[in-house]
Each structure stands twice: as structure tokens, then as C-alpha cells.
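Structure below is final35.json: JSON, C-alpha atoms.
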[["chain", "number", "residue", "atom", "x", "y", "z"],
["A", 21, "MET", "CA", 97.46, 109.20, 113.82],
["A", 22, "GLU", "CA", 96.07, 106.26, 111.89],
["A", 23, "LEU", "CA", 98.45, 103.99, 109.95],
["A", 24, "GLU", "CA", 96.77, 104.59, 106.57],
["A", 25, "ALA", "CA", 96.98, 108.35, 107.04],
["A", 26, "MET", "CA", 100.66, 108.09, 107.89],
["A", 27, "LYS", "CA", 101.24, 105.97, 104.78],
["A", 28, "ALA", "CA", 99.45, 108.52, 102.60],
["A", 29, "ILE", "CA", 101.47, 111.41, 104.01],
["A", 30, "SER", "CA", 104.69, 109.41, 103.62],
["A", 31, "MET", "CA", 103.88, 108.63, 100.00],
["A", 32, "ALA", "CA", 103.17, 112.29, 99.30],
["A", 33, "LEU", "CA", 106.48, 113.35, 100.85],
["A", 34, "VAL", "CA", 108.50, 110.67, 99.07],
["A", 35, "VAL", "CA", 107.03, 111.42, 95.66],
["A", 36, "GLY", "CA", 107.05, 115.19, 96.15],
["A", 37, "LEU", "CA", 110.66, 115.37, 97.26],
["A", 38, "GLY", "CA", 111.68, 112.76, 94.71],
["A", 39, "MET", "CA", 110.29, 114.89, 91.87],
["A", 40, "ILE", "CA", 112.12, 118.08, 92.82],
["A", 41, "GLY", "CA", 115.57, 116.90, 91.70],
["A", 42, "PRO", "CA", 114.57, 115.51, 88.30],
["A", 43, "GLY", "CA", 112.39, 118.57, 87.64],
["A", 44, "ILE", "CA", 115.26, 120.94, 88.27],
["A", 45, "GLY", "CA", 117.66, 118.68, 86.36],
["A", 46, "ILE", "CA", 115.47, 118.53, 83.27],
["A", 47, "GLY", "CA", 115.01, 122.30, 83.35],
["A", 48, "ILE", "CA", 118.75, 122.90, 83.48],
["A", 49, "LEU", "CA", 119.42, 120.26, 80.83],
["A", 50, "VAL", "CA", 116.94, 121.71, 78.34],
["A", 51, "SER", "CA", 118.04, 125.30, 78.96],
["A", 52, "LYS", "CA", 121.68, 124.44, 78.32],
["A", 53, "ALA", "CA", 120.78, 122.43, 75.22],
["A", 54, "LEU", "CA", 118.79, 125.36, 73.82],
["A", 55, "GLU", "CA", 121.66, 127.70, 74.63],
["A", 56, "SER", "CA", 124.05, 125.37, 72.78],
["A", 57, "ILE", "CA", 121.76, 125.16, 69.76],
["A", 58, "GLY", "CA", 121.53, 128.95, 69.72],
["A", 59, "ARG", "CA", 125.31, 129.24, 69.66],
["A", 60, "ASN", "CA", 125.90, 126.45, 67.12],
["A", 61, "PRO", "CA", 122.78, 125.68, 65.04],
["A", 62, "GLU", "CA", 124.63, 123.23, 62.79],
["A", 63, "ALA", "CA", 125.09, 120.82, 65.72],
["A", 64, "SER", "CA", 121.42, 120.83, 66.70],
["A", 65, "GLY", "CA", 120.88, 117.18, 65.69],
["A", 66, "LYS", "CA", 123.64, 115.86, 67.96],
["A", 67, "ILE", "CA", 122.63, 118.18, 70.78],
["A", 68, "GLN", "CA", 118.97, 117.18, 70.59],
["A", 69, "THR", "CA", 119.80, 113.47, 70.59],
["A", 70, "THR", "CA", 122.02, 113.83, 73.63],
["A", 71, "MET", "CA", 119.42, 116.03, 75.33],
["A", 72, "PHE", "CA", 116.67, 113.43, 74.89],
["A", 73, "ILE", "CA", 118.91, 110.67, 76.25],
["A", 74, "GLY", "CA", 119.69, 112.84, 79.27],
["A", 75, "ILE", "CA", 116.00, 113.59, 79.79],
["A", 76, "ALA", "CA", 115.19, 109.87, 79.70],
["A", 77, "PHE", "CA", 117.82, 109.08, 82.34],
["A", 78, "THR", "CA", 116.71, 111.98, 84.53],
["A", 79, "GLU", "CA", 113.05, 111.00, 84.20],
["A", 80, "ALA", "CA", 113.97, 107.48, 85.34],
["A", 81, "LEU", "CA", 114.86, 108.96, 88.73],
["A", 82, "ALA", "CA", 111.36, 110.42, 89.00],
["A", 83, "ILE", "CA", 109.86, 107.04, 88.12],
["A", 84, "PHE", "CA", 111.95, 105.46, 90.88],
["A", 85, "ALA", "CA", 110.52, 107.99, 93.34],
["A", 86, "ILE", "CA", 106.99, 107.05, 92.29],
["A", 87, "VAL", "CA", 107.77, 103.34, 92.70],
["A", 88, "VAL", "CA", 109.20, 103.92, 96.18],
["A", 89, "GLY", "CA", 106.10, 105.96, 97.04],
["A", 90, "PHE", "CA", 103.84, 103.09, 96.01],
["A", 91, "ILE", "CA", 105.95, 100.64, 98.01],
["A", 92, "VAL", "CA", 105.58, 102.88, 101.07],
["A", 93, "LYS", "CA", 101.84, 103.26, 100.53],
["A", 94, "PHE", "CA", 100.89, 99.66, 99.76],
["A", 95, "GLY", "CA", 103.79, 97.74, 101.30]]
Would you encode the structure as C-alpha cells?
Amino acid sequence: MELEAMKAISMALVVGLGMIGPGIGIGILVSKALESIGRNPEASGKIQTTMFIGIAFTEALAIFAIVVGFIVKFG
């Protein structure tokens, strides 16, 4: 197999597997936040703020996976 083809497949695997965890994490985070807002609507402001901070941190892991994929591809 050619080196460029191996790099492309490696990048696809790194990014694909690196996106699974944050995708599941964001789904769980949002579902629990919506469940909390449904149980206590008065606290929706605090819950939403915390949810968005959690989403930002979780999304950072996906960005790291993309960066590692680019390093594998072009490094």
C-alpha cells in the first residue's frame, strides 16, 4: 500500500474514532440538562450556562482529534 493512502486511512480512523466520544458525551450532557430544566424550570439559566461550558470543553476533545488527524496526514 502506498504511503499517502496509508496516511489518508490513518487520518480517517483517528478523526472518526476521536469524534465518537465527544459526540456521545455532548448527547448525554444535553439530554441531562434538558431533563434538569424540565424538573426545575426556575434554574434553567444556571443549567444552560453550565451546559454550554461543558459542551465547549467536550468539543475541544473533538478539535484535538482533528488536529492529530492533520498531524498524521501531513506530518
(request) Return the single residue from A:Leu81, A:Ile86, A:Met71, A:Ile44 that is closest to Ser56 (chain A), with distances computed using all atoms listed in the file. (result)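 Using all atoms listed in the file, Ser56 (chain A) sits closest to A:Met71.
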(request) Between CA of Gly47 (chain A) and CA of Phe72 (chain A), measure the distance and give it in Å to one decimal. (result)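 The value is 12.4 Å.
Comparing the minimum interatomic distances between Ala76 (chain A) and each of A:Gly95, A:Gly36, A:Pro42, A:Ser51, counting all atoms listed in the file, we find that A:Pro42 sits nearest.
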(message) Report, in Å to a single decimal, how far apart CA of Thr69 (chain A) and CA of Val87 (chain A) are.
(response)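 Interatomic distance here is 27.1 Å.
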(request) Pick out the closest residue to Gly43 (chain A) from this set: A:Phe84, A:Thr78, A:Lys93, A:Gly58. Count only C-alpha atoms. (result) A:Thr78
